[in-house]
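First up is the structure itself, then whatever we jot down about it.
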Amino acid sequence: MEYWNPLVERMPVEELKMLQEKKLKNLVEYVYQHSHFYNKRFDDAGVKPEDIRKLDDLKKLPFTYKSDLRDTYPMGMFCVSNERLVRFHVSSGTTGKPTVVGYTHNDINEWNTSLARALTSIGVGREDIIQVSYGYGLFTGGLGLHYGAEEVGSTVLPTSSGNTEKQLEMMQDLNTSVIACTPSYFLFMNEVANQVGLSIRNDTKLRTGIFGAEPWSEEMRARIEEATGIKAYDVYGTSELSGPLFTECQYQDGIHIWADQFLIEVIDPETGEQLGDGESGELVITTLAKEALPLIRYRIGDITVINKQPCSCGRTHPRIMRVFGRADDMLIVRGINVFPGQVESVLMNIPQVGEHFMIIVDRINELDIMKVQIEMTDEAFSDKINDIISLEKKVADSLKSVLNIAVKVELVEKGTIPRSMGKAKKVIDNRKL
Ligand code: DLL
């Protein structure tokens, strides 16, 4: 078993907790002194740094929200002055001002360390050629994985996203062994490969995929691994925390969150109460090692479950289970909660259904109507009307049994559903809510 830093990664849980406690105390002191924002937020909440002595005191601290970053745009929450910054990333949300994240040298080093541990845990190292097909630029995916991969000594092929045929040619010519991109982009890449008569399994050296930046299901993993013969790993992070930071280890059973750098909680999104291990709720993260933009109890909005059980890999750091989506991705259709991820899981279990789908929700005469557009796989393709009707019915029945609502299923021609080179859009909600 290989570790990037065995002493830290296998540190006994009690020691890790002591380390977290010490770092948390330093952090609250630091932000209280260096950030006007936190100084005021703590005062408003009636907490002083000296009130935080134990990890359990975390509960006394107020939450931080994405809206705080927008309200203090561009740099109102930073704890350092410009001279200490070495980089910005900017993430544009769907509404309002974008979010600006600044990094000191040390912040970049911590980010690289986090990814170096993660990459080592999935066996990516000096021998590997890694094609980074996440977007480069203001988005954190490209540069984040680029630096992380260099840290472990892999050779980076910084293709960014797009220009897919060229990417496939380079993948072959330069013997790419690892690819990092969104799962949607990899599916598209595989589709283009098939169109030009290339088999990723037989004609390339690709063996590992590092997929994330959007929700994807266990069933989608099975599809990807089966279609291309690679091992597909989940990578998670958000721009506010730095970018892509954490992956599953080789056991593919939850994403390790480095406890010396980040403190995680899962809360009930309605009440803000902390939930126990194994309970599903909103992920809240406190950064223990960031200098430029530390965040206290940051409400990411993603829904997950914390798993503190020991992992077969020997790492003692807690895991979060697959992120099914954000609380605000959840659709409420006729009063029933629906996550796009649930739809994906159902669809990917039906062999005739292809990987691309679109959920469309309308409100007609005060009634919510949910439609799912699907494409057939090449193997299942049929132009017999009876086959089509029976497939649509089969999919509708399966969706109904899981979601508890009637869903209209529409089989569309292959290629109709837009392909994505970055984060895929899987829902069109036409309701004016
Ligand atoms: O997407 C950072 C990243 C880049 C992660 C490359 C992984 C790989 P943002 O654009 O700020 O940052 O979006 C963060 O994307 O809160 C989740 O809702 C979602 N997300 C990211 N990774 C996953 C994943 C990057 N593996 C938001 N599974 C997060 C599910 C994910 N959702």
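Within each chain, counting starts at residue 1; across the structure tokens, chains are named A, B, ... in the order shown, with ligands numbered 1 upward in that order.
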
List every residue of stretch 114-237 of chain A that DSSP, applied to the backbone of this structure, places in alpha helix (DSSP H), and write the result as a ChimeraX atom specification. /A:114-121,140-151,164-173,183-195,200-203,218-228

Compile the contact shell of stretch 233-245 of chain A as a PDB file with all heavy atoms, in the first residue's frame: residues with an atom at most 6 Å away, counting only C-alpha atoms, same-chain residues fewer than 5 positions apart removed.
```pdb
ATOM      1  N   SER A 114      -3.048  17.919  -0.722  1.00  0.00           N
ATOM      2  CA  SER A 114      -4.303  17.174  -0.631  1.00  0.00           C
ATOM      3  C   SER A 114      -4.474  16.269  -1.846  1.00  0.00           C
ATOM      4  O   SER A 114      -4.790  15.073  -1.725  1.00  0.00           O
ATOM      5  CB  SER A 114      -5.452  18.186  -0.547  1.00  0.00           C
ATOM      6  OG  SER A 114      -6.672  17.535  -0.636  1.00  0.00           O
ATOM      7  N   LEU A 115      -4.227  16.830  -3.020  1.00  0.00           N
ATOM      8  CA  LEU A 115      -4.382  16.028  -4.237  1.00  0.00           C
ATOM      9  C   LEU A 115      -3.292  14.980  -4.373  1.00  0.00           C
ATOM     10  O   LEU A 115      -3.530  13.888  -4.892  1.00  0.00           O
ATOM     11  CB  LEU A 115      -4.394  16.936  -5.467  1.00  0.00           C
ATOM     12  CG  LEU A 115      -5.769  17.490  -5.825  1.00  0.00           C
ATOM     13  CD1 LEU A 115      -5.662  18.446  -6.995  1.00  0.00           C
ATOM     14  CD2 LEU A 115      -6.762  16.383  -6.161  1.00  0.00           C
ATOM     15  N   THR A 140     -11.420  25.828 -11.402  1.00  0.00           N
ATOM     16  CA  THR A 140     -10.314  25.240 -10.638  1.00  0.00           C
ATOM     17  C   THR A 140      -9.900  23.835 -11.092  1.00  0.00           C
ATOM     18  O   THR A 140      -8.850  23.347 -10.685  1.00  0.00           O
ATOM     19  CB  THR A 140     -10.731  25.113  -9.161  1.00  0.00           C
ATOM     20  OG1 THR A 140     -11.973  24.389  -9.117  1.00  0.00           O
ATOM     21  CG2 THR A 140     -10.908  26.465  -8.509  1.00  0.00           C
ATOM     22  N   GLY A 209      -9.594   6.771 -14.554  1.00  0.00           N
ATOM     23  CA  GLY A 209     -10.295   8.041 -14.795  1.00  0.00           C
ATOM     24  C   GLY A 209     -10.538   8.727 -13.462  1.00  0.00           C
ATOM     25  O   GLY A 209     -10.834   8.059 -12.464  1.00  0.00           O
ATOM     26  N   ILE A 210     -10.389  10.048 -13.442  1.00  0.00           N
ATOM     27  CA  ILE A 210     -10.622  10.826 -12.219  1.00  0.00           C
ATOM     28  C   ILE A 210     -11.773  11.772 -12.535  1.00  0.00           C
ATOM     29  O   ILE A 210     -11.584  12.819 -13.153  1.00  0.00           O
ATOM     30  CB  ILE A 210      -9.340  11.586 -11.811  1.00  0.00           C
ATOM     31  CG1 ILE A 210      -8.185  10.584 -11.654  1.00  0.00           C
ATOM     32  CG2 ILE A 210      -9.552  12.366 -10.523  1.00  0.00           C
ATOM     33  CD1 ILE A 210      -6.845  11.239 -11.381  1.00  0.00           C
ATOM     34  N   PHE A 211     -12.966  11.344 -12.146  1.00  0.00           N
ATOM     35  CA  PHE A 211     -14.178  12.009 -12.616  1.00  0.00           C
ATOM     36  C   PHE A 211     -14.921  12.711 -11.487  1.00  0.00           C
ATOM     37  O   PHE A 211     -15.155  12.129 -10.438  1.00  0.00           O
ATOM     38  CB  PHE A 211     -15.117  10.983 -13.254  1.00  0.00           C
ATOM     39  CG  PHE A 211     -14.504  10.234 -14.407  1.00  0.00           C
ATOM     40  CD1 PHE A 211     -14.561   8.847 -14.455  1.00  0.00           C
ATOM     41  CD2 PHE A 211     -13.856  10.908 -15.437  1.00  0.00           C
ATOM     42  CE1 PHE A 211     -13.994   8.141 -15.523  1.00  0.00           C
ATOM     43  CE2 PHE A 211     -13.284  10.221 -16.502  1.00  0.00           C
ATOM     44  CZ  PHE A 211     -13.355   8.829 -16.541  1.00  0.00           C
ATOM     45  N   GLY A 212     -15.303  13.947 -11.740  1.00  0.00           N
ATOM     46  CA  GLY A 212     -16.079  14.685 -10.739  1.00  0.00           C
ATOM     47  C   GLY A 212     -16.461  16.043 -11.271  1.00  0.00           C
ATOM     48  O   GLY A 212     -16.559  16.237 -12.488  1.00  0.00           O
TER      49      GLY A 212
END
```

Among stretch 39-251 of chain A, which residues carry a DSSP assignment of strand (DSSP E), reported as a short mmCIF file (atom, residue, chain, number, x, y, z; two decimals) with N, CA, C and O atoms, in the first residue's frame?
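And here's part.cif as it stands now:
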```cif
data_model
loop_
_atom_site.label_atom_id
_atom_site.label_comp_id
_atom_site.auth_asym_id
_atom_site.auth_seq_id
_atom_site.Cartn_x
_atom_site.Cartn_y
_atom_site.Cartn_z
N LEU A 85 -0.99 37.24 -2.09
CA LEU A 85 -1.74 36.35 -2.98
C LEU A 85 -0.90 35.95 -4.18
O LEU A 85 -0.13 36.76 -4.69
N VAL A 86 -1.03 34.69 -4.60
CA VAL A 86 -0.33 34.29 -5.83
C VAL A 86 -1.31 33.86 -6.92
O VAL A 86 -0.90 33.63 -8.06
N ARG A 87 -2.57 33.70 -6.59
CA ARG A 87 -3.53 33.31 -7.64
C ARG A 87 -4.97 33.64 -7.25
O ARG A 87 -5.29 33.68 -6.06
N PHE A 88 -5.80 33.87 -8.29
CA PHE A 88 -7.25 33.93 -8.12
C PHE A 88 -7.88 32.81 -8.93
O PHE A 88 -7.39 32.48 -10.02
N HIS A 89 -8.98 32.27 -8.45
CA HIS A 89 -9.91 31.54 -9.32
C HIS A 89 -11.27 32.19 -9.12
O HIS A 89 -11.54 32.75 -8.06
N VAL A 90 -12.09 32.11 -10.14
CA VAL A 90 -13.40 32.75 -10.06
C VAL A 90 -14.45 31.76 -10.53
O VAL A 90 -14.29 31.14 -11.58
N SER A 91 -15.48 31.60 -9.73
CA SER A 91 -16.52 30.68 -10.19
C SER A 91 -17.81 31.45 -10.36
O SER A 91 -18.22 32.19 -9.47
N THR A 99 -18.02 34.22 -7.46
CA THR A 99 -17.27 34.07 -6.22
C THR A 99 -15.79 34.08 -6.55
O THR A 99 -15.35 33.34 -7.43
N VAL A 100 -15.05 34.92 -5.84
CA VAL A 100 -13.62 35.02 -6.08
C VAL A 100 -12.88 34.32 -4.95
O VAL A 100 -13.16 34.55 -3.79
N VAL A 101 -11.94 33.44 -5.32
CA VAL A 101 -11.14 32.76 -4.31
C VAL A 101 -9.68 33.16 -4.52
O VAL A 101 -9.20 33.16 -5.66
N GLY A 102 -9.00 33.54 -3.44
CA GLY A 102 -7.58 33.92 -3.54
C GLY A 102 -6.73 32.88 -2.84
O GLY A 102 -7.19 32.21 -1.90
N TYR A 103 -5.49 32.75 -3.29
CA TYR A 103 -4.59 31.73 -2.72
C TYR A 103 -3.23 32.36 -2.41
O TYR A 103 -2.68 33.10 -3.23
N THR A 104 -2.69 32.02 -1.25
CA THR A 104 -1.30 32.35 -0.97
C THR A 104 -0.46 31.17 -1.49
O THR A 104 -1.01 30.13 -1.86
N ILE A 129 1.06 9.11 -17.30
CA ILE A 129 0.82 10.28 -18.16
C ILE A 129 -0.62 10.65 -17.90
O ILE A 129 -1.53 9.84 -18.16
N ILE A 130 -0.83 11.85 -17.38
CA ILE A 130 -2.20 12.22 -17.04
C ILE A 130 -2.70 13.35 -17.93
O ILE A 130 -2.07 14.39 -18.04
N GLN A 131 -3.79 13.05 -18.60
CA GLN A 131 -4.40 14.02 -19.50
C GLN A 131 -5.44 14.80 -18.70
O GLN A 131 -6.42 14.22 -18.23
N VAL A 132 -5.17 16.08 -18.51
CA VAL A 132 -6.11 16.88 -17.72
C VAL A 132 -7.08 17.57 -18.67
O VAL A 132 -6.74 18.54 -19.35
N THR A 155 3.42 12.84 -15.47
CA THR A 155 3.63 13.76 -16.59
C THR A 155 2.27 14.28 -17.04
O THR A 155 1.39 13.49 -17.39
N VAL A 156 2.13 15.59 -17.01
CA VAL A 156 0.81 16.16 -17.31
C VAL A 156 0.68 16.51 -18.79
O VAL A 156 1.58 17.12 -19.38
N LEU A 157 -0.44 16.14 -19.36
CA LEU A 157 -0.79 16.56 -20.71
C LEU A 157 -1.98 17.51 -20.55
O LEU A 157 -3.12 17.08 -20.36
N VAL A 178 -3.92 8.07 -17.52
CA VAL A 178 -4.94 8.58 -16.59
C VAL A 178 -5.63 9.77 -17.24
O VAL A 178 -4.96 10.62 -17.83
N ILE A 179 -6.95 9.80 -17.12
CA ILE A 179 -7.65 10.99 -17.62
C ILE A 179 -8.43 11.64 -16.48
O ILE A 179 -8.98 10.96 -15.63
N ALA A 180 -8.43 12.97 -16.47
CA ALA A 180 -9.20 13.70 -15.47
C ALA A 180 -10.16 14.63 -16.20
O ALA A 180 -9.72 15.50 -16.96
N CYS A 181 -11.46 14.42 -16.02
CA CYS A 181 -12.47 15.29 -16.65
C CYS A 181 -13.82 15.01 -16.00
O CYS A 181 -13.91 14.15 -15.12
N THR A 208 -7.08 4.61 -15.82
CA THR A 208 -7.72 5.26 -14.67
C THR A 208 -8.42 6.54 -15.12
O THR A 208 -7.87 7.30 -15.92
N GLY A 209 -9.59 6.77 -14.55
CA GLY A 209 -10.30 8.04 -14.79
C GLY A 209 -10.54 8.73 -13.46
O GLY A 209 -10.83 8.06 -12.46
N ILE A 210 -10.39 10.05 -13.44
CA ILE A 210 -10.62 10.83 -12.22
C ILE A 210 -11.77 11.77 -12.53
O ILE A 210 -11.58 12.82 -13.15
N PHE A 211 -12.97 11.34 -12.15
CA PHE A 211 -14.18 12.01 -12.62
C PHE A 211 -14.92 12.71 -11.49
O PHE A 211 -15.15 12.13 -10.44
N GLY A 212 -15.30 13.95 -11.74
CA GLY A 212 -16.08 14.69 -10.74
C GLY A 212 -16.46 16.04 -11.27
O GLY A 212 -16.56 16.24 -12.49
N LYS A 231 -10.58 2.01 -14.59
CA LYS A 231 -11.12 2.16 -13.24
C LYS A 231 -11.54 3.61 -13.11
O LYS A 231 -10.74 4.52 -13.40
N ALA A 232 -12.77 3.85 -12.68
CA ALA A 232 -13.28 5.21 -12.61
C ALA A 232 -13.40 5.64 -11.15
O ALA A 232 -14.09 4.99 -10.36
N TYR A 233 -12.69 6.71 -10.78
CA TYR A 233 -12.70 7.20 -9.40
C TYR A 233 -13.40 8.54 -9.30
O TYR A 233 -13.31 9.37 -10.21
N ASP A 234 -14.03 8.75 -8.15
CA ASP A 234 -14.77 9.97 -7.89
C ASP A 234 -13.82 11.01 -7.28
O ASP A 234 -13.07 10.69 -6.35
N VAL A 235 -13.84 12.22 -7.78
CA VAL A 235 -13.04 13.31 -7.20
C VAL A 235 -14.00 14.44 -6.83
O VAL A 235 -14.92 14.76 -7.57
N TYR A 236 -13.76 15.02 -5.65
CA TYR A 236 -14.69 16.01 -5.13
C TYR A 236 -13.96 17.26 -4.63
O TYR A 236 -12.81 17.18 -4.19
N GLY A 237 -14.64 18.35 -4.70
CA GLY A 237 -14.11 19.59 -4.16
C GLY A 237 -14.99 20.73 -4.64
O GLY A 237 -15.89 20.52 -5.44
N THR A 238 -14.74 21.92 -4.11
CA THR A 238 -15.47 23.08 -4.63
C THR A 238 -14.46 24.23 -4.70
O THR A 238 -13.45 24.23 -3.98
N GLY A 243 -10.66 23.93 -4.82
CA GLY A 243 -10.93 23.29 -6.11
C GLY A 243 -11.07 21.81 -5.88
O GLY A 243 -11.47 21.38 -4.80
N PRO A 244 -10.69 20.97 -6.88
CA PRO A 244 -10.73 19.52 -6.65
C PRO A 244 -9.71 19.18 -5.58
O PRO A 244 -8.57 19.62 -5.65
N LEU A 245 -10.12 18.43 -4.55
CA LEU A 245 -9.23 18.19 -3.42
C LEU A 245 -9.14 16.73 -3.00
O LEU A 245 -8.10 16.29 -2.52
N PHE A 246 -10.25 16.01 -3.11
CA PHE A 246 -10.33 14.69 -2.48
C PHE A 246 -10.80 13.64 -3.49
O PHE A 246 -11.64 13.95 -4.33
N THR A 247 -10.30 12.43 -3.33
CA THR A 247 -10.82 11.33 -4.16
C THR A 247 -11.11 10.13 -3.26
O THR A 247 -10.73 10.10 -2.10
#
```

I want to know what sits within 12 Å of stretch 381-394 of chain A, based on only C-alpha atoms, with residues of the same chain fewer than 6 positions away left out; could you give that as JSON, numbers by chain? {"A": [346, 347, 349, 350, 351, 352, 353, 354, 371, 372, 373, 374, 375, 400, 401, 406, 407, 408, 409, 410, 411, 412, 413, 414]}

Could those residues be written to a file, using N, CA and C atoms, as an mmCIF file, in the first residue's frame?
```cif
data_model
loop_
_atom_site.group_PDB
_atom_site.id
_atom_site.type_symbol
_atom_site.label_atom_id
_atom_site.label_comp_id
_atom_site.auth_asym_id
_atom_site.auth_seq_id
_atom_site.Cartn_x
_atom_site.Cartn_y
_atom_site.Cartn_z
ATOM 1 N N VAL A 346 -31.680 4.951 -11.854
ATOM 2 C CA VAL A 346 -32.710 4.077 -12.437
ATOM 3 C C VAL A 346 -32.403 3.824 -13.912
ATOM 4 N N LEU A 347 -32.106 4.894 -14.629
ATOM 5 C CA LEU A 347 -31.893 4.757 -16.084
ATOM 6 C C LEU A 347 -30.709 3.853 -16.389
ATOM 7 N N ASN A 349 -29.583 1.435 -14.885
ATOM 8 C CA ASN A 349 -29.836 0.019 -14.607
ATOM 9 C C ASN A 349 -30.610 -0.666 -15.724
ATOM 10 N N ILE A 350 -31.017 0.109 -16.708
ATOM 11 C CA ILE A 350 -31.778 -0.477 -17.818
ATOM 12 C C ILE A 350 -30.850 -0.539 -19.032
ATOM 13 N N PRO A 351 -30.448 -1.748 -19.416
ATOM 14 C CA PRO A 351 -29.371 -1.881 -20.403
ATOM 15 C C PRO A 351 -29.639 -1.189 -21.741
ATOM 16 N N GLN A 352 -30.907 -1.074 -22.141
ATOM 17 C CA GLN A 352 -31.182 -0.475 -23.462
ATOM 18 C C GLN A 352 -31.053 1.049 -23.463
ATOM 19 N N VAL A 353 -31.000 1.640 -22.277
ATOM 20 C CA VAL A 353 -30.971 3.109 -22.206
ATOM 21 C C VAL A 353 -29.527 3.606 -22.274
ATOM 22 N N GLY A 354 -29.284 4.604 -23.132
ATOM 23 C CA GLY A 354 -27.946 5.185 -23.262
ATOM 24 C C GLY A 354 -27.617 6.088 -22.082
ATOM 25 N N LYS A 371 -40.932 15.065 -17.406
ATOM 26 C CA LYS A 371 -40.657 14.245 -18.584
ATOM 27 C C LYS A 371 -39.172 13.889 -18.574
ATOM 28 N N VAL A 372 -38.856 12.687 -18.981
ATOM 29 C CA VAL A 372 -37.443 12.320 -19.095
ATOM 30 C C VAL A 372 -37.175 11.904 -20.534
ATOM 31 N N GLN A 373 -36.261 12.608 -21.154
ATOM 32 C CA GLN A 373 -35.867 12.218 -22.514
ATOM 33 C C GLN A 373 -34.674 11.285 -22.415
ATOM 34 N N ILE A 374 -34.732 10.196 -23.170
ATOM 35 C CA ILE A 374 -33.621 9.234 -23.165
ATOM 36 C C ILE A 374 -33.233 8.874 -24.603
ATOM 37 N N GLU A 375 -32.042 8.341 -24.739
ATOM 38 C CA GLU A 375 -31.613 7.798 -26.035
ATOM 39 C C GLU A 375 -31.388 6.303 -25.841
ATOM 40 N N LYS A 400 -41.243 5.238 -11.840
ATOM 41 C CA LYS A 400 -42.373 5.403 -10.916
ATOM 42 C C LYS A 400 -42.134 4.609 -9.641
ATOM 43 N N SER A 401 -41.594 3.408 -9.771
ATOM 44 C CA SER A 401 -41.442 2.586 -8.575
ATOM 45 C C SER A 401 -40.390 3.178 -7.627
ATOM 46 N N ALA A 406 -45.550 9.707 -11.427
ATOM 47 C CA ALA A 406 -45.637 9.297 -12.829
ATOM 48 C C ALA A 406 -44.696 10.179 -13.641
ATOM 49 N N VAL A 407 -43.928 9.550 -14.506
ATOM 50 C CA VAL A 407 -42.977 10.289 -15.328
ATOM 51 C C VAL A 407 -43.258 9.936 -16.790
ATOM 52 N N LYS A 408 -43.274 10.966 -17.632
ATOM 53 C CA LYS A 408 -43.476 10.695 -19.048
ATOM 54 C C LYS A 408 -42.105 10.416 -19.654
ATOM 55 N N VAL A 409 -41.957 9.318 -20.350
ATOM 56 C CA VAL A 409 -40.650 8.992 -20.917
ATOM 57 C C VAL A 409 -40.707 9.154 -22.436
ATOM 58 N N GLU A 410 -39.728 9.841 -22.961
ATOM 59 C CA GLU A 410 -39.723 10.095 -24.399
ATOM 60 C C GLU A 410 -38.383 9.641 -24.975
ATOM 61 N N LEU A 411 -38.467 8.692 -25.884
ATOM 62 C CA LEU A 411 -37.240 8.215 -26.520
ATOM 63 C C LEU A 411 -36.890 9.168 -27.662
ATOM 64 N N VAL A 412 -35.691 9.716 -27.637
ATOM 65 C CA VAL A 412 -35.314 10.653 -28.704
ATOM 66 C C VAL A 412 -34.162 10.068 -29.514
ATOM 67 N N GLU A 413 -33.952 10.629 -30.669
ATOM 68 C CA GLU A 413 -32.914 10.123 -31.563
ATOM 69 C C GLU A 413 -31.532 10.334 -30.962
ATOM 70 N N LYS A 414 -30.644 9.422 -31.245
ATOM 71 C CA LYS A 414 -29.291 9.528 -30.704
ATOM 72 C C LYS A 414 -28.654 10.871 -31.088
#
```

Close residues, A:Val124 itself excluded, 9 Å, only C-alpha atoms, min 3 positions apart in chain, as a list in words: Ala116, Ala118, Leu119, Thr120, Ser121, Glu127, Asp128, Ile130, Ala149, Val152, Ser154, Val178 and Thr208 of chain A

Smallest atom-to-atom distance to ligand 1: which of A:Pro12, A:Pro340, A:Pro318, A:Pro62, using only C-alpha atoms and all ligand atoms? A:Pro340

Neighbour list for A:Thr64 as a PDB file with N, CA and C atoms, in the first residue's frame, cut-off 8 Å, only C-alpha atoms, skip fewer than 3 positions in-chain:
```pdb
ATOM      1  N   ASP A  68     -22.472  34.918   1.475  1.00  0.00           N
ATOM      2  CA  ASP A  68     -21.526  35.826   2.150  1.00  0.00           C
ATOM      3  C   ASP A  68     -20.384  36.194   1.207  1.00  0.00           C
ATOM      4  N   LEU A 295     -12.508  29.429   5.751  1.00  0.00           N
ATOM      5  CA  LEU A 295     -13.959  29.436   5.889  1.00  0.00           C
ATOM      6  C   LEU A 295     -14.366  28.680   7.145  1.00  0.00           C
ATOM      7  N   ILE A 296     -15.263  29.269   7.890  1.00  0.00           N
ATOM      8  CA  ILE A 296     -15.740  28.664   9.129  1.00  0.00           C
ATOM      9  C   ILE A 296     -17.128  28.093   8.888  1.00  0.00           C
ATOM     10  N   ARG A 297     -17.296  26.820   9.138  1.00  0.00           N
ATOM     11  CA  ARG A 297     -18.605  26.155   9.011  1.00  0.00           C
ATOM     12  C   ARG A 297     -19.294  26.575   7.705  1.00  0.00           C
ATOM     13  N   TYR A 298     -18.608  26.345   6.625  1.00  0.00           N
ATOM     14  CA  TYR A 298     -19.118  26.774   5.320  1.00  0.00           C
ATOM     15  C   TYR A 298     -20.166  25.792   4.806  1.00  0.00           C
ATOM     16  N   ARG A 299     -21.336  26.314   4.502  1.00  0.00           N
ATOM     17  CA  ARG A 299     -22.438  25.456   4.049  1.00  0.00           C
ATOM     18  C   ARG A 299     -22.366  25.292   2.546  1.00  0.00           C
TER      19      ARG A 299
END
```
